[in-house]
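Q: Below you'll find the structure I mean.
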Amino acid sequence: MIGTEKSVRERIASWERGRIFFIDDFSDMESQGSVRIALMRLVSESMIVRLARGIYCYPGISDGYAPKIVLPTEETIAMALAEKERVRITPYGDQAAYQLGLTGLRISDLKYLTDGAPRKINLAKGRKIYFNHTSEVKIFDYRNSDMQLISAAIRALGPEGIGPEEKRKIRIRLANVPENEYLGDISIPPAWVQEIIREIREQ
């Protein structure tokens, strides 16, 4: 056990601060039971933070006179898990609207559509991340993440939910979308969403 704990500690210490990692990152070590015990001890020492079952973080440290632990956002955790499982994810429409600042209502649990298997992740602080499978695979074809968010948000809010202030915020995001990516992505959402996006962009 001492040897395993030392190996786990040294491996983690060699990583950059802020890294999210998984028990699978130690699959080359002989005893997975010993790895789990070692991780539990490092959590108790506050060297690492347990984010969810089997998901950990080597936390960042803030600058200043009173350094504090900096944890990744739930969105970052979701992206790290999707990368690990080699699946694509995209936020649900209401979550996309919140990320764009089109609504002040924070979503209690994060929900994503995925082309992978459905999954629920129970975060240590009580919130949950849902990966819900969808067969609408073209929603993962966006080249630009802002175009993906904008399209999802408009679909969720509907035409009646896109007032002057929402249009202003969307227009600011669209201004940062490169022309070639815009032209490639505008054909992906439904026709009525395309029409709203074009109207906002041309104003």
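Going through the structure tokens in order, the chains are called A, B, and so on, while each chain numbers its residues from 1 and the ligands are numbered from 1 in the order shown.
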What's around Arg173 in chain A at 9 Å? Count only C-alpha atoms, leave out sequence neighbours fewer than 6 positions away in its own chain, and write the answer as a ChimeraX atom specification.
A: /A:100,146-147,150
Q: For the residues selected in the previous step, produce a file with N, CA and C atoms as an mmCIF file, in the first residue's frame.
A:
data_model
loop_
_atom_site.group_PDB
_atom_site.id
_atom_site.type_symbol
_atom_site.label_atom_id
_atom_site.label_comp_id
_atom_site.auth_asym_id
_atom_site.auth_seq_id
_atom_site.Cartn_x
_atom_site.Cartn_y
_atom_site.Cartn_z
ATOM 1 N N LEU A 100 -25.512 32.068 -22.437
ATOM 2 C CA LEU A 100 -25.436 33.258 -23.286
ATOM 3 C C LEU A 100 -25.924 34.514 -22.577
ATOM 4 N N ASP A 146 -20.269 29.089 -30.363
ATOM 5 C CA ASP A 146 -21.268 30.135 -30.169
ATOM 6 C C ASP A 146 -22.485 29.889 -31.054
ATOM 7 N N MET A 147 -22.257 29.458 -32.284
ATOM 8 C CA MET A 147 -23.380 29.151 -33.178
ATOM 9 C C MET A 147 -24.208 27.998 -32.617
ATOM 10 N N ILE A 150 -26.208 29.484 -29.622
ATOM 11 C CA ILE A 150 -27.240 30.400 -30.090
ATOM 12 C C ILE A 150 -28.423 29.631 -30.685
#
Q: Residues of range 56-108 of chain A that have any atom at most 10 Å from an atom of range 127-143 of chain A: could you tabulate them with the shortest-distance atom pair and the distance in Å to one decimal, using only C-alpha atoms, ordered by chain and increasing number, as JSON lines?
A:
{"residue": "A:Glu74", "atom": "CA", "partner": "A:Ile129", "partner_atom": "CA", "distance": 7.9}
{"residue": "A:Glu75", "atom": "CA", "partner": "A:Ile129", "partner_atom": "CA", "distance": 8.8}
{"residue": "A:Ile77", "atom": "CA", "partner": "A:Ile129", "partner_atom": "CA", "distance": 9.0}
{"residue": "A:Ala78", "atom": "CA", "partner": "A:Ile129", "partner_atom": "CA", "distance": 7.1}
{"residue": "A:Ala82", "atom": "CA", "partner": "A:Phe131", "partner_atom": "CA", "distance": 9.1}
{"residue": "A:Arg88", "atom": "CA", "partner": "A:Phe140", "partner_atom": "CA", "distance": 6.8}
{"residue": "A:Ile89", "atom": "CA", "partner": "A:Phe140", "partner_atom": "CA", "distance": 7.4}
{"residue": "A:Thr90", "atom": "CA", "partner": "A:Phe140", "partner_atom": "CA", "distance": 7.1}
{"residue": "A:Pro91", "atom": "CA", "partner": "A:Phe131", "partner_atom": "CA", "distance": 9.4}
{"residue": "A:Tyr92", "atom": "CA", "partner": "A:Asn132", "partner_atom": "CA", "distance": 9.6}
{"residue": "A:Ile107", "atom": "CA", "partner": "A:Arg127", "partner_atom": "CA", "distance": 9.9}
{"residue": "A:Ser108", "atom": "CA", "partner": "A:Arg127", "partner_atom": "CA", "distance": 6.9}
Q: Could you write those residues out with all heavy atoms, as a compact mmCIF listing (two decimals), in the first residue's frame?
A:
# COMPACT_ATOMS: atom_id res chain seq x y z
N GLU A 74 -18.84 23.07 -13.18
CA GLU A 74 -19.56 21.86 -13.58
C GLU A 74 -19.48 21.64 -15.08
O GLU A 74 -19.39 20.51 -15.55
CB GLU A 74 -21.03 21.95 -13.14
CG GLU A 74 -21.24 21.79 -11.64
CD GLU A 74 -21.40 23.12 -10.94
OE1 GLU A 74 -21.03 24.15 -11.54
OE2 GLU A 74 -21.91 23.13 -9.80
N GLU A 75 -19.51 22.75 -15.85
CA GLU A 75 -19.40 22.63 -17.30
C GLU A 75 -18.06 22.03 -17.70
O GLU A 75 -17.98 21.21 -18.62
CB GLU A 75 -19.58 24.01 -17.95
CG GLU A 75 -20.97 24.59 -17.87
CD GLU A 75 -21.28 25.26 -16.54
OE1 GLU A 75 -20.38 25.37 -15.69
OE2 GLU A 75 -22.44 25.68 -16.35
N ILE A 77 -16.26 20.01 -15.87
CA ILE A 77 -16.31 18.60 -15.49
C ILE A 77 -17.01 17.79 -16.58
O ILE A 77 -16.56 16.71 -16.98
CB ILE A 77 -17.03 18.42 -14.14
CG1 ILE A 77 -16.25 19.12 -13.03
CG2 ILE A 77 -17.20 16.94 -13.81
CD1 ILE A 77 -17.01 19.20 -11.71
N ALA A 78 -18.14 18.32 -17.06
CA ALA A 78 -18.89 17.64 -18.12
C ALA A 78 -18.04 17.47 -19.37
O ALA A 78 -18.04 16.39 -20.00
CB ALA A 78 -20.17 18.41 -18.44
N ALA A 82 -16.82 13.96 -21.12
CA ALA A 82 -17.13 13.66 -22.52
C ALA A 82 -15.86 13.33 -23.30
O ALA A 82 -15.84 12.41 -24.12
CB ALA A 82 -17.84 14.86 -23.15
N ARG A 88 -19.58 13.20 -27.91
CA ARG A 88 -19.86 14.62 -28.10
C ARG A 88 -21.06 15.02 -27.25
O ARG A 88 -21.99 14.23 -27.09
CB ARG A 88 -20.14 14.90 -29.58
CG ARG A 88 -18.93 14.68 -30.47
CD ARG A 88 -19.26 14.91 -31.93
NE ARG A 88 -20.22 13.92 -32.46
CZ ARG A 88 -20.67 13.92 -33.71
NH1 ARG A 88 -20.28 14.86 -34.56
NH2 ARG A 88 -21.52 12.98 -34.12
N ILE A 89 -21.01 16.23 -26.72
CA ILE A 89 -22.13 16.73 -25.92
C ILE A 89 -22.45 18.16 -26.35
O ILE A 89 -21.58 18.88 -26.88
CB ILE A 89 -21.83 16.69 -24.41
CG1 ILE A 89 -20.64 17.58 -24.05
CG2 ILE A 89 -21.62 15.27 -23.93
CD1 ILE A 89 -20.39 17.72 -22.55
N THR A 90 -23.69 18.56 -26.12
CA THR A 90 -24.10 19.94 -26.35
C THR A 90 -25.15 20.29 -25.30
O THR A 90 -25.98 19.45 -24.95
CB THR A 90 -24.66 20.13 -27.77
OG1 THR A 90 -24.96 21.52 -27.99
CG2 THR A 90 -25.92 19.31 -28.00
N PRO A 91 -25.13 21.51 -24.76
CA PRO A 91 -26.09 21.87 -23.72
C PRO A 91 -27.53 21.86 -24.20
O PRO A 91 -27.81 22.17 -25.36
CB PRO A 91 -25.66 23.29 -23.32
CG PRO A 91 -24.27 23.45 -23.82
CD PRO A 91 -24.18 22.59 -25.04
N TYR A 92 -28.45 21.51 -23.30
CA TYR A 92 -29.87 21.69 -23.57
C TYR A 92 -30.14 23.16 -23.83
O TYR A 92 -29.36 24.04 -23.42
CB TYR A 92 -30.69 21.24 -22.35
CG TYR A 92 -31.22 19.83 -22.43
CD1 TYR A 92 -30.37 18.76 -22.67
CD2 TYR A 92 -32.57 19.56 -22.25
CE1 TYR A 92 -30.84 17.46 -22.72
CE2 TYR A 92 -33.06 18.26 -22.29
CZ TYR A 92 -32.19 17.22 -22.53
OH TYR A 92 -32.68 15.94 -22.59
N ILE A 107 -29.83 26.96 -14.09
CA ILE A 107 -30.37 25.61 -14.16
C ILE A 107 -29.87 24.81 -12.95
O ILE A 107 -28.67 24.79 -12.66
CB ILE A 107 -29.94 24.92 -15.47
CG1 ILE A 107 -30.25 25.84 -16.67
CG2 ILE A 107 -30.64 23.59 -15.63
CD1 ILE A 107 -31.66 26.30 -16.76
N SER A 108 -30.78 24.15 -12.26
CA SER A 108 -30.39 23.43 -11.05
C SER A 108 -29.46 22.26 -11.36
O SER A 108 -28.48 22.02 -10.66
CB SER A 108 -31.64 22.92 -10.31
OG SER A 108 -32.40 22.08 -11.16
Q: Identify, on the basis of only C-alpha atoms, every residue whose closest approach to Arg171 in chain A does not exceed 7 Å; exclude the query and any residue fewer than 3 positions from it along the same chain; express the result as a list of chain:residue names.
A: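 Counting only the stated atoms, we get A:Lys167, A:Arg168, A:Leu174, A:Ala175, A:Ile200, A:Arg201.
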Q: List every residue of range 106-194 of chain A that DSSP, applied to the backbone of this structure, places in alpha helix (DSSP H), and write the result as JSON, numbers by chain.
A: {"A": [145, 146, 147, 148, 149, 150, 151, 152, 153, 154, 155, 156, 157, 164, 165, 166, 167, 168, 169, 170, 171, 172, 173, 174, 179, 180, 181, 182, 183, 184, 185, 191, 192, 193, 194]}
Q: Once you have the residues from the selection above, write them out as a PDB file, in the first residue's frame, restricted to C-alpha atoms.
A:
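Contents of out.pdb, as written:
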ATOM      1  CA  SER A 145     -19.465  26.755 -30.273  1.00  0.00           C
ATOM      2  CA  ASP A 146     -21.268  30.135 -30.169  1.00  0.00           C
ATOM      3  CA  MET A 147     -23.380  29.151 -33.178  1.00  0.00           C
ATOM      4  CA  GLN A 148     -24.235  25.902 -31.430  1.00  0.00           C
ATOM      5  CA  LEU A 149     -25.284  27.718 -28.240  1.00  0.00           C
ATOM      6  CA  ILE A 150     -27.240  30.400 -30.090  1.00  0.00           C
ATOM      7  CA  SER A 151     -29.182  27.861 -32.138  1.00  0.00           C
ATOM      8  CA  ALA A 152     -30.019  25.751 -29.067  1.00  0.00           C
ATOM      9  CA  ALA A 153     -31.090  28.815 -27.065  1.00  0.00           C
ATOM     10  CA  ILE A 154     -33.385  30.127 -29.789  1.00  0.00           C
ATOM     11  CA  ARG A 155     -34.997  26.703 -30.163  1.00  0.00           C
ATOM     12  CA  ALA A 156     -35.659  26.644 -26.416  1.00  0.00           C
ATOM     13  CA  LEU A 157     -36.947  30.215 -26.069  1.00  0.00           C
ATOM     14  CA  PRO A 164     -34.678  43.376 -28.221  1.00  0.00           C
ATOM     15  CA  GLU A 165     -32.327  42.645 -25.306  1.00  0.00           C
ATOM     16  CA  GLU A 166     -31.899  38.984 -26.295  1.00  0.00           C
ATOM     17  CA  LYS A 167     -31.214  40.047 -29.874  1.00  0.00           C
ATOM     18  CA  ARG A 168     -28.577  42.530 -28.692  1.00  0.00           C
ATOM     19  CA  LYS A 169     -26.730  39.844 -26.726  1.00  0.00           C
ATOM     20  CA  ILE A 170     -26.948  37.347 -29.565  1.00  0.00           C
ATOM     21  CA  ARG A 171     -25.672  39.977 -32.028  1.00  0.00           C
ATOM     22  CA  ILE A 172     -22.584  40.522 -29.867  1.00  0.00           C
ATOM     23  CA  ARG A 173     -21.827  36.775 -29.928  1.00  0.00           C
ATOM     24  CA  LEU A 174     -22.445  36.540 -33.663  1.00  0.00           C
ATOM     25  CA  GLU A 179     -17.469  34.266 -41.611  1.00  0.00           C
ATOM     26  CA  ASN A 180     -16.470  30.824 -42.883  1.00  0.00           C
ATOM     27  CA  GLU A 181     -17.752  29.137 -39.710  1.00  0.00           C
ATOM     28  CA  TYR A 182     -20.995  31.112 -39.816  1.00  0.00           C
ATOM     29  CA  LEU A 183     -21.639  30.105 -43.416  1.00  0.00           C
ATOM     30  CA  GLY A 184     -20.940  26.467 -42.586  1.00  0.00           C
ATOM     31  CA  ASP A 185     -23.130  26.404 -39.466  1.00  0.00           C
ATOM     32  CA  ALA A 191     -35.313  26.967 -41.050  1.00  0.00           C
ATOM     33  CA  TRP A 192     -37.172  29.208 -38.567  1.00  0.00           C
ATOM     34  CA  VAL A 193     -34.076  29.395 -36.347  1.00  0.00           C
ATOM     35  CA  GLN A 194     -31.911  30.198 -39.369  1.00  0.00           C
TER      36      GLN A 194
END
Q: Neighbours of Arg17 in chain A within 10 Å (only C-alpha atoms; same-chain residues fewer than 5 positions away dropped), as an mmCIF file with N, CA and C atoms, in the first residue's frame?
A:
data_model
loop_
_atom_site.group_PDB
_atom_site.id
_atom_site.type_symbol
_atom_site.label_atom_id
_atom_site.label_comp_id
_atom_site.auth_asym_id
_atom_site.auth_seq_id
_atom_site.Cartn_x
_atom_site.Cartn_y
_atom_site.Cartn_z
ATOM 1 N N ILE A 12 0.301 12.458 -9.427
ATOM 2 C CA ILE A 12 -0.571 13.635 -9.351
ATOM 3 C C ILE A 12 0.246 14.911 -9.218
ATOM 4 N N ILE A 48 -6.066 16.603 -3.138
ATOM 5 C CA ILE A 48 -6.966 16.504 -4.267
ATOM 6 C C ILE A 48 -8.402 16.668 -3.773
ATOM 7 N N CYS A 57 -10.020 16.006 -8.883
ATOM 8 C CA CYS A 57 -9.331 17.177 -9.409
ATOM 9 C C CYS A 57 -8.102 17.468 -8.565
ATOM 10 N N TYR A 58 -7.013 17.796 -9.248
ATOM 11 C CA TYR A 58 -5.822 18.332 -8.586
ATOM 12 C C TYR A 58 -6.021 19.842 -8.634
ATOM 13 N N PRO A 59 -6.605 20.441 -7.597
ATOM 14 C CA PRO A 59 -7.143 21.799 -7.701
ATOM 15 C C PRO A 59 -6.102 22.875 -7.942
ATOM 16 N N GLY A 60 -6.588 23.922 -8.603
ATOM 17 C CA GLY A 60 -5.747 25.082 -8.784
ATOM 18 C C GLY A 60 -5.663 25.859 -7.478
ATOM 19 N N ILE A 61 -4.691 26.747 -7.401
ATOM 20 C CA ILE A 61 -4.499 27.593 -6.221
ATOM 21 C C ILE A 61 -4.514 29.047 -6.679
ATOM 22 N N VAL A 70 -9.044 26.474 -6.078
ATOM 23 C CA VAL A 70 -9.897 26.826 -7.212
ATOM 24 C C VAL A 70 -10.366 25.536 -7.874
ATOM 25 N N LEU A 71 -11.671 25.327 -7.872
ATOM 26 C CA LEU A 71 -12.235 24.104 -8.443
ATOM 27 C C LEU A 71 -12.789 24.357 -9.842
#
Q: So what do you get for CA of Glu30 in chain A versus CA of Asn122 in chain A, distance-wise?
A: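 Going from CA of Glu30 in chain A over to CA of Asn122 in chain A covers 27.7 Å.
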Q: CA of Pro189 in chain A and CA of Arg119 in chain A are how many Å apart?
A: 25.4 Å
Q: Which residue gives the smallest distance to Gly161 in chain A among A:Leu102, A:Ile197, A:Val49, A:Ala117, with only C-alpha atoms counted?
A: A:Leu102
Q: Taking only C-alpha atoms into account, name the residue in A:Arg19, A:Lys111, A:Arg198, A:Arg41 that is nearest to Thr4 in chain A.
A: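 Selected residue with least distance to Thr4 in chain A: A:Arg41.
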Q: How many Å lie between CA of Trp15 in chain A and CA of Ile2 in chain A, rounded to one decimal?
A: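 We find that CA of Trp15 in chain A and CA of Ile2 in chain A lie 20.6 Å from each other.
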Q: Give the strand (DSSP E or B) residues of range 40-175 of chain A, as assigned by DSSP on the backbone, as a count of residues only.
A: 31
Q: Residues within 10 Å of Gly54 in chain A, please, as a PyMOL selection string. Count only C-alpha atoms; anything in the same chain fewer than 5 positions from it doesn't count.
A: chain A and resi 21-24+36+39
